[in-house]
Structures are given as C-alpha cells and as structure tokens.
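J.: What follows is input_22.txt; its format and atoms are compact mmCIF, C-alpha atoms.
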# COMPACT_ATOMS: atom_id res chain seq x y z
CA MET L 144 130.86 117.37 111.94
CA ALA L 145 128.34 117.14 109.11
CA LEU L 146 128.07 120.41 107.24
CA LYS L 147 124.49 121.63 106.96
CA PRO L 148 122.83 124.63 105.30
CA PRO L 149 121.01 127.30 107.31
CA VAL L 150 117.73 126.04 108.78
CA CYS L 151 114.69 127.42 106.94
CA ARG L 152 111.81 125.55 108.57
CA GLY L 153 108.41 126.10 107.01
CA MET L 154 109.59 127.53 103.67
CA LYS L 155 106.74 127.02 101.18
CA GLU L 156 108.21 128.83 98.17
CA LEU L 157 111.87 128.30 97.36
CA ASP L 158 114.22 131.18 98.23
CA ARG L 159 117.66 130.09 97.07
CA SER L 160 119.42 133.03 98.72
CA ALA L 161 118.36 131.75 102.16
CA PHE L 162 120.90 128.94 101.95
CA ALA L 163 124.02 131.11 101.80
CA LEU L 164 126.64 130.40 104.44
CA THR L 165 130.17 131.64 105.16
CA LEU L 166 132.40 129.27 107.07
CA ALA L 167 136.02 129.35 108.20
CA VAL L 168 137.97 126.14 107.54
CA VAL L 169 141.58 125.16 108.05
CA ALA L 170 143.87 125.49 105.04
CA LEU L 171 147.41 124.26 104.44
CA ARG L 172 149.82 126.31 102.32
CA VAL L 173 151.73 123.70 100.33
CA PRO L 174 153.98 123.61 97.24
CA VAL L 175 152.14 123.08 93.95
CA LYS L 176 154.17 119.92 93.33
CA SER L 177 152.69 118.32 96.49
CA ILE L 178 149.01 118.87 95.57
CA GLY L 179 148.56 115.52 93.80
CA GLN L 180 150.05 113.54 96.70
CA ILE L 181 147.89 115.35 99.25
CA LYS L 182 144.63 114.81 97.34
CA THR L 183 145.44 111.10 96.99
CA ASP L 184 147.01 110.28 100.37
CA LEU L 185 144.84 112.60 102.44
CA ALA L 186 141.47 112.17 100.75
CA ASP L 187 139.72 111.72 104.11
CA ASP L 188 141.09 115.04 105.39
CA VAL L 189 140.44 117.24 102.37
CA LEU L 190 137.25 119.31 102.07
CA ARG L 191 134.67 117.84 99.72
CA ILE L 192 131.63 119.98 98.92
CA PRO L 193 129.75 119.87 95.59
CA LYS L 194 130.75 122.65 93.17
CA LEU L 195 133.41 124.04 95.53
CA ARG L 196 137.16 123.91 94.85
CA ASN L 197 139.24 122.45 97.67
CA VAL L 198 142.50 123.84 96.28
CA VAL L 199 142.70 127.66 95.96
CA ASP L 200 145.37 130.17 95.09
CA ALA L 201 147.93 131.25 97.67
CA THR L 202 149.95 134.48 97.75
CA THR L 203 152.63 133.02 95.48
CA LYS L 204 152.45 131.01 92.25
CA THR L 205 154.65 128.25 93.71
CA HIS L 206 152.14 127.38 96.43
CA LYS L 207 148.46 126.58 96.77
CA MET L 208 146.05 126.46 99.71
CA VAL L 209 144.52 123.01 100.37
CA LEU L 210 141.23 123.27 102.27
CA LEU L 211 140.48 120.73 104.99
CA LYS L 212 137.20 119.36 106.31
CA PRO L 213 135.22 121.62 108.71
CA SER L 214 135.65 119.05 111.49
CA ILE L 215 139.41 119.65 111.56
CA SER L 216 140.53 122.45 113.88
CA ILE L 217 143.63 124.65 113.61
CA SER L 218 145.45 122.33 116.02
CA LEU L 219 144.91 119.44 113.55
CA GLY L 220 143.93 117.20 116.45
CA GLU L 221 141.06 115.73 114.43
CA ALA L 222 143.21 115.13 111.33
CA SER L 223 144.67 111.79 110.29
CA ASP L 224 148.07 110.67 111.57
CA ARG L 225 149.37 110.84 108.00
CA LEU L 226 148.40 114.50 107.61
CA ARG L 227 149.95 115.49 110.93
CA ALA L 228 153.14 113.64 109.99
CA LEU L 229 153.40 115.47 106.64
CA VAL L 230 152.73 118.84 108.26
CA HIS L 231 155.49 118.18 110.78
CA GLU L 232 157.90 116.84 108.14
CA HIS L 233 157.46 119.70 105.65
CA ASN L 234 156.67 122.45 108.16
CA TRP L 235 153.36 123.28 106.49
CA GLU L 236 151.64 125.95 108.53
CA PRO L 237 147.87 125.68 108.97
CA THR L 238 145.82 128.84 108.65
CA MET L 239 142.13 129.76 108.49
CA HIS L 240 140.33 130.41 105.22
CA ASP L 241 136.75 131.57 104.60
CA ILE L 242 134.60 129.60 102.18
CA HIS L 243 131.32 130.96 100.83
CA LEU L 244 128.58 128.40 100.27
CA ALA L 245 125.37 128.96 98.35
CA TYR L 246 122.32 127.01 97.24
CA ASP L 247 124.27 125.26 94.47
CA ASN L 248 126.70 123.73 96.98
CA TRP L 249 124.01 121.80 98.87
CA THR L 250 122.39 118.53 97.85
CA ALA L 251 118.63 118.09 97.52
CA ASP L 252 118.73 116.09 100.76
CA ASP L 253 120.55 118.94 102.55
CA ILE L 254 118.09 121.58 101.38
CA LEU L 255 114.91 119.65 102.11
CA LYS L 256 116.06 118.55 105.57
CA SER L 257 116.60 122.22 106.43
CA VAL L 258 113.11 123.12 105.22
CA LEU L 259 110.80 120.31 106.28
CA PRO L 260 109.54 119.86 109.86
CA ASP L 261 111.27 116.50 110.32
CA SER L 262 114.97 117.06 109.71
CA SER L 263 115.75 113.34 109.90
CA GLN L 264 114.31 112.53 106.48
CA ALA L 265 113.55 114.14 103.16
CA PRO L 266 111.49 112.92 100.16
CA THR L 267 114.27 112.95 97.57
CA SER L 268 113.56 109.59 95.90
CA TYR L 269 111.73 109.47 92.60
CA GLU L 270 111.27 107.32 89.53
CA GLN L 271 112.75 108.85 86.39
CA ILE L 272 110.98 108.35 83.08
CA GLY L 273 113.02 110.09 80.42
CA HIS L 274 113.09 113.76 81.45
CA ILE L 275 110.29 113.29 84.01
CA ALA L 276 110.83 112.79 87.75
CA HIS L 277 107.80 111.02 89.20
CA MET L 278 107.31 111.42 92.95
CA ASN L 279 104.73 109.89 95.26
CA LEU L 280 104.59 112.36 98.14
CA ARG L 281 103.03 111.43 101.46
CA ASP L 282 100.26 113.66 102.80
CA GLU L 283 102.50 115.43 105.33
CA TYR L 284 104.70 116.74 102.50
CA LEU L 285 101.95 118.10 100.26
CA GLU L 286 102.03 121.66 101.64
CA TYR L 287 105.73 121.76 100.75
CA ARG L 288 105.33 120.24 97.28
CA SER L 289 106.28 123.42 95.44
CA VAL L 290 109.64 123.62 97.23
CA ILE L 291 110.23 119.87 96.94
CA GLY L 292 109.52 119.86 93.22
CA GLN L 293 111.75 122.86 92.51
CA VAL L 294 114.65 121.45 94.54
CA ILE L 295 114.45 118.09 92.75
CA LEU L 296 114.36 119.91 89.41
CA ASP L 297 117.38 122.07 90.32
CA LYS L 298 119.48 119.18 91.59
CA SER L 299 118.73 116.66 88.83
CA PRO L 300 120.56 117.60 85.60
CA THR L 301 118.55 115.30 83.32
CA VAL L 302 115.11 116.21 84.75
CA THR L 303 113.04 119.00 83.19
CA MET L 304 109.68 118.26 84.83
CA VAL L 305 108.72 116.96 88.28
CA VAL L 306 105.29 115.41 88.85
CA ASN L 307 103.46 114.00 91.85
CA LYS L 308 101.05 111.08 91.74
CA LEU L 309 97.55 112.09 92.85
CA ASP L 310 95.68 108.78 92.99
CA THR L 311 96.02 105.04 92.57
CA ILE L 312 96.53 103.33 89.22
CA ASP L 313 93.35 102.91 87.20
CA ASN L 314 92.99 99.14 86.66
CA THR L 315 91.41 99.59 83.25
CA PHE L 316 94.09 101.63 81.49
CA ARG L 317 96.78 101.53 84.21
CA ASN L 318 97.40 105.26 84.28
CA PHE L 319 96.89 107.77 87.07
CA LYS L 320 96.30 111.47 87.62
CA MET L 321 99.30 113.60 88.44
CA GLU L 322 100.17 117.24 89.10
CA VAL L 323 103.19 119.12 87.82
CA LEU L 324 105.30 120.35 90.73
CA ALA L 325 108.06 122.09 88.78
CA GLY L 326 109.46 122.52 85.28
CA THR L 327 107.95 122.74 81.82
CA GLN L 328 104.87 120.60 81.29
CA ASP L 329 105.79 117.97 78.72
CA PHE L 330 104.57 114.41 79.22
CA MET L 331 106.05 112.98 76.02
CA ALA L 332 108.81 110.75 77.37
CA ARG L 333 111.60 108.89 75.60
CA VAL L 334 113.17 105.98 77.45
CA ARG L 335 115.96 103.57 76.53
CA GLU L 336 115.75 100.06 77.95
CA ASN L 337 117.04 96.64 76.91
CA ASP L 338 118.64 98.00 73.73
CA SER L 339 115.29 99.46 72.69
CA VAL L 340 113.74 102.93 72.57
CA PHE L 341 110.26 103.70 73.85
CA GLU L 342 108.29 106.90 73.31
CA PHE L 343 104.95 107.59 74.98
CA ASP L 344 102.73 110.15 76.69
CA TYR L 345 103.36 109.35 80.35
CA SER L 346 100.05 110.93 81.40
CA LYS L 347 98.08 108.42 79.31
CA VAL L 348 99.94 105.09 79.62
CA TYR L 349 101.59 102.85 82.19
CA TRP L 350 105.36 102.75 82.53
CA ASN L 351 107.46 101.73 85.53
CA SER L 352 111.23 102.09 85.23
CA ARG L 353 111.68 99.95 88.34
CA LEU L 354 110.49 96.96 86.29
CA HIS L 355 113.52 97.14 84.00
CA PRO L 356 115.14 94.06 85.65
CA GLU L 357 111.90 92.10 85.31
CA HIS L 358 111.52 93.05 81.65
CA GLU L 359 115.09 91.88 81.04
CA ARG L 360 114.69 88.68 83.07
CA LEU L 361 111.54 87.50 81.34
CA VAL L 362 112.74 88.33 77.83
CA SER L 363 115.88 86.29 78.57
CA GLU L 364 113.64 83.22 78.86
CA PHE L 365 112.30 83.60 75.32
CA ALA L 366 114.34 81.55 72.87
CA LYS L 367 115.10 82.69 69.35
CA GLY L 368 112.33 81.34 67.13
CA SER L 369 109.69 81.31 69.88
CA SER L 370 106.21 82.78 69.62
CA ILE L 371 104.89 85.20 72.25
CA CYS L 372 101.36 86.27 73.13
CA ASP L 373 101.58 89.49 75.19
CA VAL L 374 98.10 90.12 76.56
CA MET L 375 98.67 93.38 78.48
CA ALA L 376 101.61 94.70 76.46
CA GLY L 377 101.52 98.38 77.37
CA VAL L 378 103.91 100.33 75.15
CA GLY L 379 105.97 97.20 74.42
CA PRO L 380 108.65 96.66 77.13
CA PHE L 381 108.41 92.87 76.75
CA ALA L 382 107.25 92.65 73.13
CA ILE L 383 109.88 94.77 71.41
CA PRO L 384 113.03 93.35 73.08
CA ALA L 385 111.62 89.84 72.52
CA ALA L 386 111.17 90.59 68.82
CA LYS L 387 114.71 91.94 68.58
CA LYS L 388 115.91 88.68 70.10
CA GLY L 389 114.21 86.71 67.33
CA ALA L 390 110.69 86.00 68.58
CA LEU L 391 107.36 86.39 66.81
CA VAL L 392 105.09 88.55 68.99
CA TRP L 393 101.39 89.28 69.02
CA ALA L 394 100.98 92.15 71.48
CA ASN L 395 97.75 93.60 72.82
CA ASP L 396 96.65 96.43 75.08
CA LEU L 397 93.17 97.67 75.90
CA ASN L 398 94.32 101.29 76.36
CA PRO L 399 94.12 103.09 72.98
CA ALA L 400 97.00 105.38 73.99
CA SER L 401 99.20 102.39 74.83
CA PHE L 402 98.21 100.69 71.58
CA ASP L 403 99.15 103.79 69.58
CA ALA L 404 102.46 104.21 71.43
CA MET L 405 103.27 100.52 70.98
CA GLY L 406 102.63 100.78 67.25
CA ASN L 407 104.97 103.76 67.06
CA ASN L 408 107.62 101.99 69.13
CA VAL L 409 107.41 98.91 66.91
CA LYS L 410 108.26 101.11 63.92
CA LEU L 411 110.85 103.10 65.85
CA ASN L 412 112.71 99.90 66.75
CA LYS L 413 112.29 98.42 63.25
CA VAL L 414 110.50 95.25 64.39
CA ALA L 415 107.24 95.71 62.47
CA SER L 416 107.83 92.41 60.69
CA ARG L 417 107.89 90.57 64.02
CA VAL L 418 105.34 92.37 66.23
CA THR L 419 101.62 92.58 65.48
CA PRO L 420 99.80 95.07 67.78
CA PHE L 421 96.17 94.65 68.86
CA ASN L 422 93.72 96.85 70.78
CA MET L 423 91.28 94.43 72.42
CA ASP L 424 89.92 93.24 75.74
CA GLY L 425 92.42 90.79 77.24
CA ARG L 426 90.12 87.76 77.35
CA ASP L 427 88.88 88.39 73.84
CA PHE L 428 92.44 88.73 72.65
CA ILE L 429 93.49 85.40 74.18
CA GLN L 430 90.69 83.58 72.37
CA HIS L 431 91.29 85.45 69.10
CA ALA L 432 95.09 85.17 69.14
CA PHE L 433 95.30 81.45 69.89
CA THR L 434 92.57 80.57 67.40
CA GLU L 435 94.01 82.66 64.56
CA TYR L 436 97.58 81.55 65.25
CA TYR L 437 96.49 77.91 65.15
CA LYS L 438 94.76 78.47 61.82
CA GLN L 439 97.78 80.23 60.34
CA THR L 440 100.22 77.53 61.41
CA ALA L 441 98.08 74.75 59.89
CA LYS L 442 99.91 75.36 56.62
CA GLY L 443 103.28 74.68 58.24
CA SER L 444 106.03 76.62 59.93
CA SER L 445 106.71 80.28 59.17
CA SER L 446 109.89 82.31 59.31
CA LEU L 447 111.09 85.76 60.35
CA ALA L 448 113.29 87.77 58.04
CA PRO L 449 116.45 89.34 59.51
CA LEU L 450 115.94 92.81 60.94
CA PRO L 451 117.36 95.85 59.10
CA ARG L 452 121.00 96.40 60.06
CA CYS L 453 122.07 99.79 61.37
CA ASN L 454 125.58 101.20 60.89
CA ALA L 455 126.79 97.98 59.34
CA GLY L 456 129.81 99.74 57.83
CA LYS L 457 131.16 99.62 54.30
CA ARG L 458 131.99 95.92 54.32
CA ALA L 459 128.92 93.80 53.61
CA ALA L 460 128.01 91.61 56.56
CA LYS L 461 127.28 87.93 56.13
CA PRO L 462 123.54 87.53 55.45
CA GLU L 463 121.56 86.21 58.42
CA ASP L 464 119.44 83.13 57.99
CA PRO L 465 115.67 83.45 58.40
CA ILE L 466 114.39 82.47 61.86
CA VAL L 467 112.01 79.51 61.78
CA ILE L 468 108.84 79.67 63.89
CA ALA L 469 107.78 76.05 64.23
CA SER L 470 105.26 75.93 67.09
CA ARG L 471 101.54 75.36 66.44
CA SER L 472 100.60 77.36 69.52
CA PHE L 473 102.22 80.28 71.31
CA ASP L 474 105.23 79.21 73.34
CA HIS L 475 104.81 81.94 75.96
CA VAL L 476 102.02 84.16 77.22
CA VAL L 477 102.76 87.34 79.18
CA MET L 478 100.11 88.94 81.40
CA ASN L 479 101.59 91.95 83.17
CA LEU L 480 98.63 93.48 84.98
CA PRO L 481 99.48 92.53 88.59
CA ALA L 482 96.26 93.76 90.20
CA ILE L 483 93.99 91.39 88.24
CA ALA L 484 96.06 89.31 85.78
CA LEU L 485 95.53 86.04 87.68
CA GLU L 486 91.81 86.37 87.04
CA PHE L 487 92.45 86.22 83.27
CA LEU L 488 93.68 82.63 83.60
CA ASP L 489 90.02 81.61 83.30
CA ALA L 490 90.26 82.46 79.59
CA PHE L 491 92.53 79.44 79.10
CA ARG L 492 90.02 76.88 80.39
CA GLY L 493 88.79 74.93 77.37
CA LEU L 494 90.74 77.20 75.02
CA PHE L 495 92.43 74.36 73.13
CA TYR L 496 89.16 72.38 72.97
CA ARG L 497 87.48 75.37 71.32
CA MET L 498 90.52 75.99 69.14
CA THR L 499 90.99 72.47 67.82
CA GLY L 500 87.60 70.84 68.36
CA ASN L 501 89.37 68.01 70.23
CA SER L 502 88.96 67.10 73.88
CA THR L 503 92.33 65.39 74.07
CA HIS L 504 95.82 66.69 73.57
CA SER L 505 97.47 66.27 70.19
CA GLY L 506 101.22 65.78 70.36
CA ASP L 507 101.98 68.30 67.62
CA ILE L 508 100.41 71.20 69.56
CA ASN L 509 102.54 72.70 72.35
CA LEU L 510 101.02 73.98 75.58
CA PRO L 511 102.23 77.50 76.45
CA THR L 512 104.03 78.73 79.54
CA ILE L 513 101.94 81.56 80.97
CA HIS L 514 103.84 84.29 82.83
CA THR L 515 101.36 86.10 85.08
CA HIS L 516 102.37 89.04 87.25
CA CYS L 517 100.47 89.45 90.48
CA PHE L 518 100.46 90.96 93.97
CA THR L 519 100.23 89.15 97.27
CA LYS L 520 100.14 90.13 100.94
CA SER L 521 100.32 86.54 102.17
CA ASP L 522 102.95 85.15 104.53
CA GLU L 523 102.97 82.12 102.20
CA PRO L 524 103.20 83.90 98.84
CA GLU L 525 103.87 80.85 96.67
CA LYS L 526 100.94 78.90 98.06
CA ASP L 527 98.64 81.91 97.90
CA ILE L 528 99.49 82.61 94.25
CA LEU L 529 99.19 78.98 93.15
CA MET L 530 95.85 78.54 94.93
CA ARG L 531 94.46 81.68 93.30
CA ALA L 532 95.70 80.44 89.93
CA CYS L 533 93.94 77.10 90.51
CA ARG L 534 90.65 78.85 91.23
CA ALA L 535 90.89 80.91 88.03
CA LEU L 536 91.86 77.88 85.93
CA GLY L 537 89.21 75.62 87.44
CA TYR L 538 92.01 73.30 88.54
CA PRO L 539 91.67 71.31 91.82
CA GLU L 540 93.10 73.49 94.59
CA ASP L 541 94.21 70.50 96.61
CA GLN L 542 96.47 69.55 93.69
CA TYR L 543 98.22 72.90 93.37
CA LYS L 544 101.60 71.27 94.07
CA GLU L 545 101.20 69.16 90.93
CA LEU L 546 101.24 72.20 88.65
CA THR L 547 104.35 72.69 86.54
CA ALA L 548 105.00 76.15 87.86
CA ARG L 549 107.46 78.44 89.59
CA VAL L 550 106.92 81.67 91.48
CA HIS L 551 109.50 84.43 91.03
CA TYR L 552 109.80 87.41 93.40
CA VAL L 553 109.86 90.69 91.47
CA ARG L 554 109.79 93.61 93.93
CA LYS L 555 108.21 95.09 97.03
CA VAL L 556 105.54 97.64 96.17
CA ALA L 557 104.37 98.47 99.72
CA PRO L 558 105.40 97.46 103.26
CA LYS L 559 103.08 94.42 103.18
CA LYS L 560 102.56 93.98 99.45
CA ASP L 561 104.92 92.20 97.05
CA MET L 562 104.91 91.64 93.31
CA TYR L 563 105.61 88.18 91.88
CA CYS L 564 105.58 86.47 88.51
CA LEU L 565 103.92 83.06 88.23
CA SER L 566 105.31 81.04 85.32
CA LEU L 567 102.89 78.19 84.71
CA VAL L 568 102.71 75.56 81.98
CA LEU L 569 99.05 75.41 80.97
CA PRO L 570 97.73 72.06 82.30
CA GLU L 571 96.38 69.75 79.61
CA SER L 572 93.25 69.09 81.65
CA VAL L 573 92.50 72.82 81.68
CA ALA L 574 93.40 73.50 78.04
CA TYR L 575 91.09 70.75 76.74
CA ALA L 576 88.31 71.09 79.31
CA THR L 577 84.86 70.74 77.76
CA ASP L 578 82.93 72.41 80.58
CA ALA L 579 84.18 75.98 80.13
CA GLU L 580 81.64 78.78 79.66
CA VAL L 581 82.37 80.98 76.66
Could I get this file's structure written as structure tokens?
T.:
Amino acid sequence: MALKPPVCRGMKELDRSAFALTLAVVALRVPVKSIGQIKTDLADDVLRIPKLRNVVDATTKTHKMVLLKPSISISLGEASDRLRALVHEHNWEPTMHDIHLAYDNWTADDILKSVLPDSSQAPTSYEQIGHIAHMNLRDEYLEYRSVIGQVILDKSPTVTMVVNKLDTIDNTFRNFKMEVLAGTQDFMARVRENDSVFEFDYSKVYWNSRLHPEHERLVSEFAKGSSICDVMAGVGPFAIPAAKKGALVWANDLNPASFDAMGNNVKLNKVASRVTPFNMDGRDFIQHAFTEYYKQTAKGSSSLAPLPRCNAGKRAAKPEDPIVIASRSFDHVVMNLPAIALEFLDAFRGLFYRMTGNSTHSGDINLPTIHTHCFTKSDEPEKDILMRACRALGYPEDQYKELTARVHYVRKVAPKKDMYCLSLVLPESVAYATDAEV
C-alpha cells in the first residue's frame, strides 16, 4: 500500500495544514540491543517516511517501539518470513501505534499528485542553475503554478527561487523571458562545472546545466598546447575549462551580457592570460580571429605561462614549463548555437585564401576541426547534418561521405528533436576557395 497525503484537488494557493494525516501502524516492542539487527535485517518491513522516526520510545528504557510499514497488518501476514520468524522466536508482541504526518513528511511528487487534476503525474522535474530551479510548465499546469513553485521551493534545500520559462529561446542572444513562481527574486547565479566557477545573470544569458557532459566531452578533445576559436562562447563553459587544461582560447559572444559575464569568469578562474574575450557578430569574429591569429603567429610560436597556483602549501612546487602554442591556425573551432550554427559554416569558405592570399594549401598551416552543435528531426540524422553542412560550406552534397567528419549525439530536446555535434575538418577545397562572397 503506497502511503499518500490527503487529496486536495484544485488547490491554487498552498495550504500546508491540509496535508496533515494521522495513521495507525503496527509497532513491535523490542529490546534496545536488537534495534540495529532489525533495521538491517528487516529493512523492507520497517516504516520509511521522510522526516519521521521509525524507532520511538516504549514504556521502559530497555525497550523501543519499531514501526512497520502501513501495508503490514497486526497479524503480520504481509510481513517478511524473517520478521515473522524473529517475532515467534523472541515473542515480540505487535501492537498499534499512531503516527502523525504533516506537510514536511511528504515529497514534492506526493503533494502535487494530491493537488493536480491528473494524479498519475506531477511536474517535479527542473533544471537547477545555482540556487535557481528552472521549470518549463505545460499549459495545463499554469493555473497551479503558484502551488507548484512553492512546493518545489519547500522540498529543494538548495533552491531559493523557482522560475518558469515563458517563451522560446531568442536566437540572437539565446535568453528567454521567465516568471518567478516562488522565492526571493535573484537571478545572479553561481555554478560550478568542470573544475571551474561561473557567475552570471540567468535572466540575460544562456546556460543549460544539462549540457555539462557535452562541455566535458568536447574539452577532453582539446590537447594541451592547442588553440581554440570559440565563436558562440556564452559565459565560457568551453573556453575556461579548455584554458585551464592548457589551451589558448579566443572566445566570442554577441550578447553583451554574456561577454561581460565571460570576462568576469575569466578573471574569477584566473585564466586571463589564456582567454581573450570578444563581443562581435559570429561571422565577423571568424574572419577577424583567423586573420589576426595568422598574423600574430607569423613571428613564430608563442607560449602560455603557468597559471597561478592556489593552496600550494608551504613547500615550493616544482616550476611548470611554459606551454608552447605552435599552430599557425586555430586547431579547433566551437560553434554552440544549435538552432543556426550550421549556417555559420559559410564563413569558412575562402577564409584561408583571404587570410593568406594563396589559393593552394601551404603545409605549415593547419586546417581546423570545427565542432558545430545543431538540431535535427530527421530519421537519418547523420546524413541530414552532413548534407546541411555541405550546403553551408559550398561543398558538393553528393560527396558528403568524403568529408572527414563525425556526428556525435548530445541529447534529446523534444520528442522528435535531437541535438548533435558535428566535428568536421575544414576541407582544403573550401578553405582556399576563390569564389566566396565576402
């Protein structure tokens, strides 16, 4: 028997007192010395309710009362064979004991299923960004949003504000409107991820905690001493961990709020010597970054100084060697704007021709691997993504299988919409094309 709170269908404003319940359960009077054995051996029989003790005082100090699950009757017919055997062996007498449950004893799922019209499901899932719980409520739940928000706030110890998304992500700055459902309005979030700290105003920038595995995966592909061009860098979830790993990063975002937050996060994580932030249009940044980087590296390789050491202790650590950056071009490009990032591949057509003035590839200039995040609804996602990439690059679509590329599944964002990452080595014929419009 699943224990449920009182049904309060249609509650629009939270009344915590409405969830009080008194229930009689079976209790066993046992010696204190047997409590540990019972809680270990009979875990499936013992009562387990949040914030409620399952061992209570008896009439004497030598004994305690062990409370059993509500599904077990006084006859113990529903109890385990082991429990019945112990009761028979030690002559423990079952008795009834009243327990008093309140709002604090129920989970968010319990409460909301007793309030909402459909008791089979409850909107208890959310993305947590620092102290903020971000929900995306369906239309049928909107009239109950006050109760939902307050319950989530009450039942989530690290949450101090609950918000609900009001519209789709703006493709320009990748933020969206939201309403505060419960808690103190404070959008300044602080998040720890990949051994880095990020601070930002969540109402003004894009952040998705569900992308943590993707951030970690892609950064793992960046070797120490590599150079990274992050075109849609946001607040720095790729750029800053990459810099900590030993990469040189030029990171850009069109959103002024993201640019400001990224600059602050660069300082906060002590990687200012390795990350250069920009606030430009993505296509303009690609042209500018590759051209300037090529000019700078004409004088030879550069190096990165070791990062400041924290809590190194009294004993002086062995000095780290500088990290050599030897490439003439960026080794990797990151474009994390899934809705339209594939379209930005057109900026790479003829880029190396414009950059070098040569129409043929020079062996001392490396061609970058471009990591482009994108969405697809296709039943053939890899083919769909590669064909779209070909169109943007001006590369023959019938030769898409000849690209040096791989398509990595990231996550499902909707029932028929998935996110992928295309990792593509820029084709020489595209990089040095002479027919590109500038």
J.: Compile the contact shell of range 466-474 of chain L as a PyMOL selection string: residues with an atom at most 6 Å away, counting all atoms listed in the file, same-chain residues fewer than 3 positions apart removed.
T.: chain L and resi 368+370-371+437+440+444-447+508-509+511
J.: Taking into account all atoms listed in the file, which residue in the set L:Asn407, L:Thr301, L:Thr577, L:Asn279 is nearest to Val323 in chain L?
T.: L:Asn279
J.: Please identify all polymer residues lying at most 8 Å from the point (95.4, 93.5, 90.9) (file coordinates), using only C-alpha atoms, and present the result as a ChimeraX atom specification.
T.: /L:314,480-484,517-518
J.: Restricting the output to C-alpha atoms, write the selected residues as a PDB file, keeping the file's coordinate frame.
T.:
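Ended up saving to selection.pdb:
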ATOM      1  CA  ASN L 314      92.990  99.140  86.660  1.00  0.00           C
ATOM      2  CA  LEU L 480      98.630  93.480  84.980  1.00  0.00           C
ATOM      3  CA  PRO L 481      99.480  92.530  88.590  1.00  0.00           C
ATOM      4  CA  ALA L 482      96.260  93.760  90.200  1.00  0.00           C
ATOM      5  CA  ILE L 483      93.990  91.390  88.240  1.00  0.00           C
ATOM      6  CA  ALA L 484      96.060  89.310  85.780  1.00  0.00           C
ATOM      7  CA  CYS L 517     100.470  89.450  90.480  1.00  0.00           C
ATOM      8  CA  PHE L 518     100.460  90.960  93.970  1.00  0.00           C
TER       9      PHE L 518
END
J.: If we count only C-alpha atoms, what is near Met498 in chain L at a cut-off of 10 Å, once residues fewer than 2 positions away on the same chain are taken out, given as JSON, numbers by chain?
T.: {"L": [430, 431, 433, 434, 435, 436, 437, 438, 493, 494, 495, 496, 500, 501, 574, 575]}
J.: Selected residues, C-alpha atoms, written as a compact mmCIF listing (two decimals), keeping the file's coordinate frame, please.
T.:
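Result written to again-v5.txt:
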# COMPACT_ATOMS: atom_id res chain seq x y z
CA GLN L 430 90.69 83.58 72.37
CA HIS L 431 91.29 85.45 69.10
CA PHE L 433 95.30 81.45 69.89
CA THR L 434 92.57 80.57 67.40
CA GLU L 435 94.01 82.66 64.56
CA TYR L 436 97.58 81.55 65.25
CA TYR L 437 96.49 77.91 65.15
CA LYS L 438 94.76 78.47 61.82
CA GLY L 493 88.79 74.93 77.37
CA LEU L 494 90.74 77.20 75.02
CA PHE L 495 92.43 74.36 73.13
CA TYR L 496 89.16 72.38 72.97
CA GLY L 500 87.60 70.84 68.36
CA ASN L 501 89.37 68.01 70.23
CA ALA L 574 93.40 73.50 78.04
CA TYR L 575 91.09 70.75 76.74
J.: CA of Met331 in chain L and CA of Thr419 in chain L, how far apart in Å?
T.: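 It comes out at 23.4 Å.
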J.: To one decimal place, how far is CA of Phe421 in chain L from CA of Met405 in chain L in Å?
T.: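 Calculated distance between CA of Phe421 in chain L and CA of Met405 in chain L is 9.5 Å.
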J.: Between CA of Ser521 in chain L and CA of Ala535 in chain L, what is the spacing in Å?
T.: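 Atom-to-atom, CA of Ala535 in chain L and CA of Ser521 in chain L are spaced 17.9 Å apart.
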J.: Ranking L:Ala441, L:Met530, L:Val573, L:Met423 by minimum distance to Asp507 in chain L and counting only C-alpha atoms, which one comes first?
T.: L:Ala441
J.: Can you pull out every residue within 12 Å of Ala186 in chain L, counting all atoms listed in the file, but drop anything in the same chain fewer than 2 positions away, and send it as a PyMOL selection string?
T.: chain L and resi 178-184+188-191+197+209-212+222-223+225-226
J.: Write out as a ChimeraX atom specification which residues come within 10 Å of Ala415 in chain L when counting only C-alpha atoms, dropping same-chain ones fewer than 6 positions away.
T.: /L:383,386,392,406-409,450
J.: Looking at only C-alpha atoms, which of L:Pro420, L:Pro266, L:Pro193, L:Pro399 is the one that sits closest to Asp282 in chain L?
T.: L:Pro266
J.: Using the file's own x, y and z axes, so that the box edges lie along x, y and z, what centre and edge lengths in Å (one decimal) does a box around every listed atom of range 433-444 of chain L get when 6 Å is added on each side? Give it as JSON.
T.:
{"center_x": 99.3, "center_y": 78.7, "center_z": 63.3, "size_x": 25.5, "size_y": 20.0, "size_z": 25.3}
J.: Which residue out of L:Arg554, L:Arg534, L:His231, L:Arg196 has the minimum interatomic distance to His243 in chain L when all atoms listed in the file are used?
T.: L:Arg196
J.: Hey, what's within 12 Å of Gln542 in chain L if we count only C-alpha atoms and toss same-chain stuff fewer than 6 positions away? As a PyMOL selection string, please?
T.: chain L and resi 526+529-530+532-534+570
